[in-house]
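**Student:** Got a file for you: final_23.pdb, PDB, C-alpha atoms.
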ATOM      1  CA  MET O 123      39.402  32.412  46.744  1.00  0.00           C
ATOM      2  CA  ASN O 124      36.713  34.340  44.801  1.00  0.00           C
ATOM      3  CA  ASN O 125      35.259  37.696  45.715  1.00  0.00           C
ATOM      4  CA  VAL O 126      31.494  38.128  45.777  1.00  0.00           C
ATOM      5  CA  GLY O 127      31.647  40.434  42.735  1.00  0.00           C
ATOM      6  CA  ASP O 128      33.405  37.764  40.709  1.00  0.00           C
ATOM      7  CA  VAL O 129      30.572  35.252  41.013  1.00  0.00           C
ATOM      8  CA  ASP O 130      29.087  34.518  37.587  1.00  0.00           C
ATOM      9  CA  ARG O 131      25.377  35.119  38.104  1.00  0.00           C
ATOM     10  CA  PRO O 132      22.776  34.161  35.439  1.00  0.00           C
ATOM     11  CA  GLY O 133      21.024  37.529  35.859  1.00  0.00           C
ATOM     12  CA  ALA O 134      24.238  39.415  35.142  1.00  0.00           C
ATOM     13  CA  ARG O 135      24.898  37.303  32.046  1.00  0.00           C
ATOM     14  CA  ASP O 136      21.368  37.955  30.762  1.00  0.00           C
ATOM     15  CA  ALA O 137      21.762  41.712  31.279  1.00  0.00           C
ATOM     16  CA  GLU O 138      25.093  41.754  29.460  1.00  0.00           C
ATOM     17  CA  ALA O 139      23.641  39.774  26.552  1.00  0.00           C
ATOM     18  CA  MET O 140      20.652  42.134  26.313  1.00  0.00           C
ATOM     19  CA  ILE O 141      22.919  45.201  26.314  1.00  0.00           C
ATOM     20  CA  ALA O 142      25.057  43.646  23.582  1.00  0.00           C
ATOM     21  CA  GLU O 143      21.973  42.941  21.454  1.00  0.00           C
ATOM     22  CA  ALA O 144      20.685  46.479  22.077  1.00  0.00           C
ATOM     23  CA  LYS O 145      23.961  47.892  20.769  1.00  0.00           C
ATOM     24  CA  LYS O 146      23.657  45.726  17.666  1.00  0.00           C
ATOM     25  CA  ALA O 147      20.048  46.847  17.198  1.00  0.00           C
ATOM     26  CA  PHE O 148      20.988  50.524  17.510  1.00  0.00           C
ATOM     27  CA  GLY O 149      23.788  50.213  14.976  1.00  0.00           C
ATOM     28  CA  MET O 150      21.648  48.192  12.604  1.00  0.00           C
ATOM     29  CA  MET O 151      18.748  50.659  12.618  1.00  0.00           C
ATOM     30  CA  ALA O 152      21.153  53.568  12.146  1.00  0.00           C
ATOM     31  CA  GLY O 153      22.551  51.710   9.138  1.00  0.00           C
ATOM     32  CA  VAL O 154      19.043  51.097   7.777  1.00  0.00           C
ATOM     33  CA  LEU O 155      18.295  54.825   7.899  1.00  0.00           C
ATOM     34  CA  VAL O 156      21.548  55.622   6.109  1.00  0.00           C
ATOM     35  CA  VAL O 157      20.700  53.101   3.376  1.00  0.00           C
ATOM     36  CA  ILE O 158      17.151  54.318   2.737  1.00  0.00           C
ATOM     37  CA  TRP O 159      18.282  57.949   2.674  1.00  0.00           C
ATOM     38  CA  LEU O 160      21.061  57.150   0.184  1.00  0.00           C
ATOM     39  CA  ILE O 161      18.553  55.242  -1.947  1.00  0.00           C
ATOM     40  CA  HIS O 162      16.149  58.156  -1.801  1.00  0.00           C
ATOM     41  CA  LEU O 163      18.874  60.635  -2.756  1.00  0.00           C
ATOM     42  CA  TYR O 164      19.788  58.554  -5.791  1.00  0.00           C
ATOM     43  CA  ASN O 165      16.111  58.073  -6.631  1.00  0.00           C
ATOM     44  CA  ALA O 166      15.399  61.800  -6.456  1.00  0.00           C
ATOM     45  CA  LEU O 167      18.421  62.667  -8.621  1.00  0.00           C
ATOM     46  CA  SER O 168      17.361  60.097 -11.231  1.00  0.00           C
ATOM     47  CA  GLY O 169      13.824  61.440 -11.502  1.00  0.00           C
ATOM     48  CA  PHE O 170      12.365  58.688  -9.275  1.00  0.00           C
ATOM     49  CA  ASP O 171      13.028  55.981 -11.819  1.00  0.00           C
ATOM     50  CA  LEU O 172      13.494  53.479  -8.981  1.00  0.00           C
ATOM     51  CA  THR O 173       9.922  54.109  -7.848  1.00  0.00           C
ATOM     52  CA  LEU O 174       8.570  53.175 -11.254  1.00  0.00           C
ATOM     53  CA  GLU O 175      10.716  50.046 -11.454  1.00  0.00           C
ATOM     54  CA  TYR O 176      10.685  48.751  -7.877  1.00  0.00           C
ATOM     55  CA  GLY O 177       7.464  50.169  -6.440  1.00  0.00           C
ATOM     56  CA  SER O 178       4.581  47.779  -5.791  1.00  0.00           C
ATOM     57  CA  ARG O 179       1.920  47.674  -8.518  1.00  0.00           C
ATOM     58  CA  ALA O 180      -1.361  46.229  -7.321  1.00  0.00           C
ATOM     59  CA  ARG O 181      -2.309  42.811  -8.699  1.00  0.00           C
ATOM     60  CA  GLU O 182       0.504  42.673 -11.262  1.00  0.00           C
ATOM     61  CA  ILE O 183       2.173  39.274 -10.972  1.00  0.00           C
ATOM     62  CA  SER O 184       5.525  40.634 -12.112  1.00  0.00           C
ATOM     63  CA  SER O 185       5.385  43.145  -9.247  1.00  0.00           C
ATOM     64  CA  LEU O 186       5.186  40.566  -6.443  1.00  0.00           C
ATOM     65  CA  PRO O 187       8.947  40.659  -5.625  1.00  0.00           C
ATOM     66  CA  THR O 188       8.616  44.380  -4.930  1.00  0.00           C
ATOM     67  CA  VAL O 189       7.129  43.602  -1.516  1.00  0.00           C
ATOM     68  CA  PHE O 190      10.797  43.579  -0.437  1.00  0.00           C
ATOM     69  CA  THR O 191      11.954  46.657  -2.378  1.00  0.00           C
ATOM     70  CA  SER O 192       9.037  49.080  -2.070  1.00  0.00           C
ATOM     71  CA  PRO O 193       9.605  49.663   1.704  1.00  0.00           C
ATOM     72  CA  LEU O 194      13.051  51.063   0.851  1.00  0.00           C
ATOM     73  CA  LEU O 195      11.605  53.715  -1.489  1.00  0.00           C
ATOM     74  CA  HIS O 196       9.708  56.924  -0.738  1.00  0.00           C
ATOM     75  CA  SER O 197       7.704  59.309  -2.869  1.00  0.00           C
ATOM     76  CA  ASP O 198       9.287  62.582  -1.682  1.00  0.00           C
ATOM     77  CA  TRP O 199      11.409  64.163   1.038  1.00  0.00           C
ATOM     78  CA  ALA O 200       8.484  64.724   3.391  1.00  0.00           C
ATOM     79  CA  HIS O 201       7.532  61.059   3.050  1.00  0.00           C
ATOM     80  CA  ILE O 202      10.942  59.715   4.033  1.00  0.00           C
ATOM     81  CA  ALA O 203      11.346  62.287   6.812  1.00  0.00           C
ATOM     82  CA  GLY O 204       7.990  61.302   8.318  1.00  0.00           C
ATOM     83  CA  ASN O 205       8.852  57.603   8.301  1.00  0.00           C
ATOM     84  CA  SER O 206      12.467  57.815   9.500  1.00  0.00           C
ATOM     85  CA  GLY O 207      11.855  58.636  13.165  1.00  0.00           C
ATOM     86  CA  PRO O 208       9.187  55.988  13.848  1.00  0.00           C
ATOM     87  CA  LEU O 209      11.108  53.424  11.785  1.00  0.00           C
ATOM     88  CA  PHE O 210      14.214  53.906  13.903  1.00  0.00           C
ATOM     89  CA  ILE O 211      12.438  53.950  17.287  1.00  0.00           C
ATOM     90  CA  PHE O 212       9.997  51.108  16.655  1.00  0.00           C
ATOM     91  CA  GLY O 213      12.610  49.091  14.797  1.00  0.00           C
ATOM     92  CA  PHE O 214      15.083  49.434  17.669  1.00  0.00           C
ATOM     93  CA  LEU O 215      12.478  48.368  20.228  1.00  0.00           C
ATOM     94  CA  ALA O 216      11.593  45.382  18.037  1.00  0.00           C
ATOM     95  CA  ALA O 217      15.258  44.393  17.601  1.00  0.00           C
ATOM     96  CA  TYR O 218      16.882  44.923  20.982  1.00  0.00           C
ATOM     97  CA  ARG O 219      15.896  41.443  22.205  1.00  0.00           C
ATOM     98  CA  GLY O 220      17.702  39.783  19.321  1.00  0.00           C
ATOM     99  CA  VAL O 221      18.730  40.866  15.836  1.00  0.00           C
ATOM    100  CA  LYS O 222      18.219  37.418  14.272  1.00  0.00           C
ATOM    101  CA  LYS O 223      14.636  37.217  15.528  1.00  0.00           C
ATOM    102  CA  PHE O 224      14.085  40.790  14.356  1.00  0.00           C
ATOM    103  CA  LEU O 225      15.127  39.914  10.811  1.00  0.00           C
ATOM    104  CA  GLY O 226      12.559  37.109  10.750  1.00  0.00           C
ATOM    105  CA  VAL O 227       9.875  39.469  12.067  1.00  0.00           C
ATOM    106  CA  THR O 228      10.809  42.042   9.412  1.00  0.00           C
ATOM    107  CA  VAL O 229      10.486  39.545   6.565  1.00  0.00           C
ATOM    108  CA  LEU O 230       7.091  38.396   7.866  1.00  0.00           C
ATOM    109  CA  ILE O 231       5.808  41.972   8.189  1.00  0.00           C
ATOM    110  CA  ALA O 232       7.102  42.939   4.737  1.00  0.00           C
ATOM    111  CA  VAL O 233       5.389  39.940   3.120  1.00  0.00           C
ATOM    112  CA  VAL O 234       2.042  40.360   4.918  1.00  0.00           C
ATOM    113  CA  SER O 235       1.982  44.134   4.434  1.00  0.00           C
ATOM    114  CA  GLY O 236       3.122  43.925   0.825  1.00  0.00           C
ATOM    115  CA  LEU O 237       0.630  41.235  -0.146  1.00  0.00           C
ATOM    116  CA  GLY O 238      -2.204  43.058   1.601  1.00  0.00           C
ATOM    117  CA  GLY O 239      -1.475  46.203  -0.373  1.00  0.00           C
ATOM    118  CA  TRP O 240      -0.891  44.232  -3.571  1.00  0.00           C
ATOM    119  CA  PHE O 241      -4.338  42.623  -3.331  1.00  0.00           C
ATOM    120  CA  LEU O 242      -6.419  45.570  -2.109  1.00  0.00           C
ATOM    121  CA  GLU O 243      -4.906  48.796  -3.428  1.00  0.00           C
ATOM    122  CA  PRO O 244      -6.314  50.437  -6.577  1.00  0.00           C
ATOM    123  CA  GLY O 245      -5.083  48.835  -9.770  1.00  0.00           C
ATOM    124  CA  ASP O 246      -3.462  51.971 -11.194  1.00  0.00           C
ATOM    125  CA  SER O 247      -1.394  52.753  -8.074  1.00  0.00           C
ATOM    126  CA  ILE O 248       2.310  52.373  -7.266  1.00  0.00           C
ATOM    127  CA  SER O 249       2.940  51.920  -3.561  1.00  0.00           C
ATOM    128  CA  VAL O 250       6.223  52.756  -1.822  1.00  0.00           C
ATOM    129  CA  GLY O 251       7.299  53.565   1.716  1.00  0.00           C
ATOM    130  CA  ALA O 252       8.394  52.010   5.002  1.00  0.00           C
ATOM    131  CA  SER O 253       5.157  52.792   6.832  1.00  0.00           C
ATOM    132  CA  GLY O 254       3.984  49.182   6.516  1.00  0.00           C
ATOM    133  CA  LEU O 255       7.083  48.138   8.466  1.00  0.00           C
ATOM    134  CA  VAL O 256       6.499  50.932  10.979  1.00  0.00           C
ATOM    135  CA  PHE O 257       2.966  49.723  11.698  1.00  0.00           C
ATOM    136  CA  GLY O 258       4.210  46.153  11.840  1.00  0.00           C
ATOM    137  CA  TYR O 259       6.908  46.940  14.394  1.00  0.00           C
ATOM    138  CA  PHE O 260       4.335  48.916  16.352  1.00  0.00           C
ATOM    139  CA  GLY O 261       2.034  45.895  16.578  1.00  0.00           C
ATOM    140  CA  TYR O 262       4.885  43.507  17.305  1.00  0.00           C
ATOM    141  CA  VAL O 263       6.280  45.560  20.189  1.00  0.00           C
ATOM    142  CA  MET O 264       2.816  45.921  21.718  1.00  0.00           C
ATOM    143  CA  VAL O 265       2.196  42.167  21.967  1.00  0.00           C
ATOM    144  CA  ARG O 266       5.682  40.653  22.226  1.00  0.00           C
ATOM    145  CA  GLY O 267       5.865  40.919  26.000  1.00  0.00           C
ATOM    146  CA  PHE O 268       2.608  39.031  26.489  1.00  0.00           C
ATOM    147  CA  PHE O 269       3.730  36.155  24.282  1.00  0.00           C
ATOM    148  CA  ASP O 270       7.272  36.054  25.728  1.00  0.00           C
ATOM    149  CA  ARG O 271       6.138  36.633  29.327  1.00  0.00           C
ATOM    150  CA  HIS O 272       8.784  39.328  29.824  1.00  0.00           C
ATOM    151  CA  LYS O 273       7.712  42.001  32.296  1.00  0.00           C
ATOM    152  CA  ILE O 274       9.942  44.687  30.761  1.00  0.00           C
ATOM    153  CA  ASP O 275       8.545  44.058  27.275  1.00  0.00           C
ATOM    154  CA  ILE O 276       4.985  44.070  28.618  1.00  0.00           C
ATOM    155  CA  MET O 277       5.630  47.520  30.091  1.00  0.00           C
ATOM    156  CA  ILE O 278       7.197  48.740  26.838  1.00  0.00           C
ATOM    157  CA  GLY O 279       4.176  47.471  24.906  1.00  0.00           C
ATOM    158  CA  LEU O 280       1.754  49.234  27.230  1.00  0.00           C
ATOM    159  CA  VAL O 281       3.695  52.488  26.997  1.00  0.00           C
ATOM    160  CA  MET O 282       3.757  52.174  23.207  1.00  0.00           C
ATOM    161  CA  ALA O 283       0.009  51.648  23.121  1.00  0.00           C
ATOM    162  CA  LEU O 284      -0.697  54.583  25.437  1.00  0.00           C
ATOM    163  CA  CYS O 285       1.667  56.978  23.653  1.00  0.00           C
ATOM    164  CA  PHE O 286       1.084  56.119  19.999  1.00  0.00           C
ATOM    165  CA  ALA O 287      -2.237  54.302  19.612  1.00  0.00           C
ATOM    166  CA  TYR O 288      -4.173  57.557  19.092  1.00  0.00           C
ATOM    167  CA  GLN O 289      -1.768  58.462  16.289  1.00  0.00           C
ATOM    168  CA  TYR O 290      -1.416  55.120  14.507  1.00  0.00           C
ATOM    169  CA  ILE O 291      -4.717  53.306  14.965  1.00  0.00           C
ATOM    170  CA  PRO O 292      -6.577  55.745  12.641  1.00  0.00           C
ATOM    171  CA  GLY O 293      -3.978  54.935   9.956  1.00  0.00           C
ATOM    172  CA  LEU O 294      -5.353  51.394   9.796  1.00  0.00           C
ATOM    173  CA  PHE O 295      -8.544  52.655   8.143  1.00  0.00           C
ATOM    174  CA  PRO O 296      -9.294  54.590   4.931  1.00  0.00           C
ATOM    175  CA  GLN O 297      -8.597  58.300   5.260  1.00  0.00           C
ATOM    176  CA  ASP O 298      -6.516  59.752   2.435  1.00  0.00           C
ATOM    177  CA  ALA O 299      -6.558  58.317  -1.080  1.00  0.00           C
ATOM    178  CA  MET O 300      -2.806  58.947  -1.324  1.00  0.00           C
ATOM    179  CA  ILE O 301      -2.030  56.869   1.791  1.00  0.00           C
ATOM    180  CA  SER O 302      -1.986  53.075   1.624  1.00  0.00           C
ATOM    181  CA  TRP O 303      -4.067  52.172   4.662  1.00  0.00           C
ATOM    182  CA  GLN O 304      -4.090  48.610   3.296  1.00  0.00           C
ATOM    183  CA  ALA O 305      -0.314  48.294   3.782  1.00  0.00           C
ATOM    184  CA  HIS O 306      -0.664  49.844   7.250  1.00  0.00           C
ATOM    185  CA  LEU O 307      -3.405  47.450   8.299  1.00  0.00           C
ATOM    186  CA  PHE O 308      -1.710  44.311   7.039  1.00  0.00           C
ATOM    187  CA  GLY O 309       1.655  45.452   8.363  1.00  0.00           C
ATOM    188  CA  PHE O 310       0.069  45.812  11.788  1.00  0.00           C
ATOM    189  CA  ILE O 311      -1.516  42.366  11.455  1.00  0.00           C
ATOM    190  CA  GLY O 312       1.863  40.974  10.410  1.00  0.00           C
ATOM    191  CA  GLY O 313       3.411  42.427  13.566  1.00  0.00           C
ATOM    192  CA  LEU O 314       0.765  40.797  15.753  1.00  0.00           C
ATOM    193  CA  ILE O 315       1.330  37.468  14.007  1.00  0.00           C
ATOM    194  CA  GLY O 316       5.080  37.915  14.409  1.00  0.00           C
ATOM    195  CA  GLY O 317       4.673  38.299  18.153  1.00  0.00           C
ATOM    196  CA  TRP O 318       3.203  34.798  18.292  1.00  0.00           C
ATOM    197  CA  VAL O 319       5.301  33.106  15.596  1.00  0.00           C
ATOM    198  CA  PHE O 320       8.600  34.380  17.022  1.00  0.00           C
ATOM    199  CA  ARG O 321       7.640  34.101  20.678  1.00  0.00           C
ATOM    200  CA  ASP O 322      10.198  32.920  23.192  1.00  0.00           C
ATOM    201  CA  ARG O 323       9.721  29.158  23.457  1.00  0.00           C
ATOM    202  CA  ARG O 324      11.467  28.645  26.758  1.00  0.00           C
ATOM    203  CA  PRO O 325      10.317  25.428  28.434  1.00  0.00           C
ATOM    204  CA  LYS O 326       8.242  26.010  31.529  1.00  0.00           C
ATOM    205  CA  PRO O 327      10.046  24.919  34.689  1.00  0.00           C
ATOM    206  CA  LYS O 328       8.663  21.689  36.064  1.00  0.00           C
ATOM    207  CA  PRO O 329       7.581  21.772  39.699  1.00  0.00           C
ATOM    208  CA  VAL O 330       9.914  19.801  41.900  1.00  0.00           C
ATOM    209  CA  ASP O 331       8.573  18.083  44.993  1.00  0.00           C
ATOM    210  CA  PRO O 332      10.712  18.806  48.033  1.00  0.00           C
ATOM    211  CA  ALA O 333      12.751  15.812  48.990  1.00  0.00           C
ATOM    212  CA  ILE O 334      11.534  14.434  52.311  1.00  0.00           C
ATOM    213  CA  PRO O 335      14.109  12.158  53.885  1.00  0.00           C
ATOM    214  CA  ALA O 336      12.767   8.810  55.016  1.00  0.00           C
ATOM    215  CA  MET O 337      12.486   8.618  58.770  1.00  0.00           C
ATOM    216  CA  PRO O 338      14.254   5.602  60.256  1.00  0.00           C
ATOM    217  CA  LEU O 339      12.041   3.099  62.036  1.00  0.00           C
ATOM    218  CA  LEU O 340      12.360   3.694  65.728  1.00  0.00           C
ATOM    219  CA  THR O 341      12.600   0.526  67.770  1.00  0.00           C
ATOM    220  CA  ASP O 342      12.833  -0.005  71.486  1.00  0.00           C
ATOM    221  CA  PRO O 343      16.020  -1.973  72.152  1.00  0.00           C
ATOM    222  CA  PHE O 344      14.565  -3.135  75.472  1.00  0.00           C
ATOM    223  CA  ARG O 345      11.347  -4.535  73.998  1.00  0.00           C
ATOM    224  CA  PRO O 346      11.661  -8.169  72.993  1.00  0.00           C
ATOM    225  CA  SER O 347      10.980  -9.044  69.399  1.00  0.00           C
ATOM    226  CA  PRO O 348       7.658 -10.804  68.763  1.00  0.00           C
ATOM    227  CA  LYS O 349       7.911 -14.525  68.523  1.00  0.00           C
ATOM    228  CA  GLN O 350       7.139 -16.133  65.239  1.00  0.00           C
ATOM    229  CA  ASP O 351       5.272 -19.452  65.058  1.00  0.00           C
TER     230      ASP O 351
END
Would you write the structure of this file as C-alpha cells?

**Tutor:**
Amino acid sequence: MNNVGDVDRPGARDAEAMIAEAKKAFGMMAGVLVVIWLIHLYNALSGFDLTLEYGSRAREISSLPTVFTSPLLHSDWAHIAGNSGPLFIFGFLAAYRGVKKFLGVTVLIAVVSGLGGWFLEPGDSISVGASGLVFGYFGYVMVRGFFDRHKIDIMIGLVMALCFAYQYIPGLFPQDAMISWQAHLFGFIGGLIGGWVFRDRRPKPKPVDPAIPAMPLLTDPFRPSPKQD
C-alpha cells in the first residue's frame, strides 16, 4: 500500500531535475570564475604576455582560433572585476536549464562574438575580455523562454530586460574607443540565435477526441420483425 506522498509525479521529477541542473550550473560558473581569475593572475605576473599571444587580432588569419581564448583574458584588474559579476549571474541563468545545452550556447556565442570583432574592430587592436559572452548570455536569457514556451523562463527574461536593458543596450553601439562594441553586439546576436537554435523541441501534444461509446440499437422485443419478400 502506497502513501500519497510516495506517488511518483512527473511534476516532482521535473522539479528535482531542474534543481540538480541548477546546482551543476552554480558550481560550473563558480569554477569558471576561479579559472579566469587564476589566468589573469598569471597573466599580470608575466607582464600580460598571454594577452599578446592569445588575444584576438582583427583580420589576422592566424588569430582566428583566439575567439575561444580571448574571452578568458582581461586587460587589467578593473576589467576582470567588472565582468565577473555579470558573467556569473547571466551564465548561471543561461545554464540552470541544462549544462550540456549551455555549453553549446557558449560555443555559438563565442564564435559569433569573436568573428564579429575580428572582422570589424580596428586592424591594430588586440581584443580580450568576457563581455562578449556576457552580452550573449543576456540576449539568450531574454528570449529563451519565448522559444521554449516556459513560463518561468519568460518571466526571467522579462525581469532581465527590465533590470539590465538600460545598462547593456547602449553597449551594443559605439561609445568608447577602448571598448569593443562589435564583440558586444555580435555576442548579443549570438545569444538571440542560440535561443532559437537550442530551443526545446518537445513535440506538441496531439489533440485526442473523447471516446464516445457506441450506443446499442434499441429494439422493441414485442414488435414483430418486418417480413422480407

**Student:** Taking the file above as input, evaluate the PyMOL selection byres ((chain O and resi 269) around 10) and report the hits as an NGL selection string.

**Tutor:** :O and (265-268 or 270-272 or 275-276 or 317-323)

**Student:** With a distance cut-off of 9 Å and all atoms listed in the file, select the neighbouring residues of Leu307 in chain O, excluding the residue or stretch itself and same-chain residues fewer than 4 positions from it, and output the selection as a ChimeraX atom specification.

**Tutor:** /O:235,238-239,254,257-258,291,293-295,302-303,311-312

**Student:** Could you work out how far CA of Ala142 in chain O lies from CA of Ser206 in chain O, giving the answer in Å with one decimal?

**Tutor:**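 Between CA of Ser206 in chain O and CA of Ala142 in chain O the gap works out to 23.6 Å.
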
**Student:** For the file shown, what are the residues hit by the PyMOL selection byres ((chain O and resi 230) around 10), laid out as an NGL selection string?

**Tutor:** :O and (224-229 or 231-236 or 255 or 258 or 309 or 312-313 or 315-316 or 319)

**Student:** Which residue is closest to Ala144 in chain O? Choose from O:Trp159, O:Tyr259, O:Phe214, O:Phe286 and count all atoms listed in the file.

**Tutor:**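 Under the stated criterion, the closest residue is O:Phe214.
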
**Student:** For the structure provided, state which residues fall under the PyMOL selection byres ((chain O and resi 189) around 7), and present them as JSON, numbers by chain.

**Tutor:** {"O": [178, 186, 187, 188, 190, 191, 192, 232, 233, 236]}
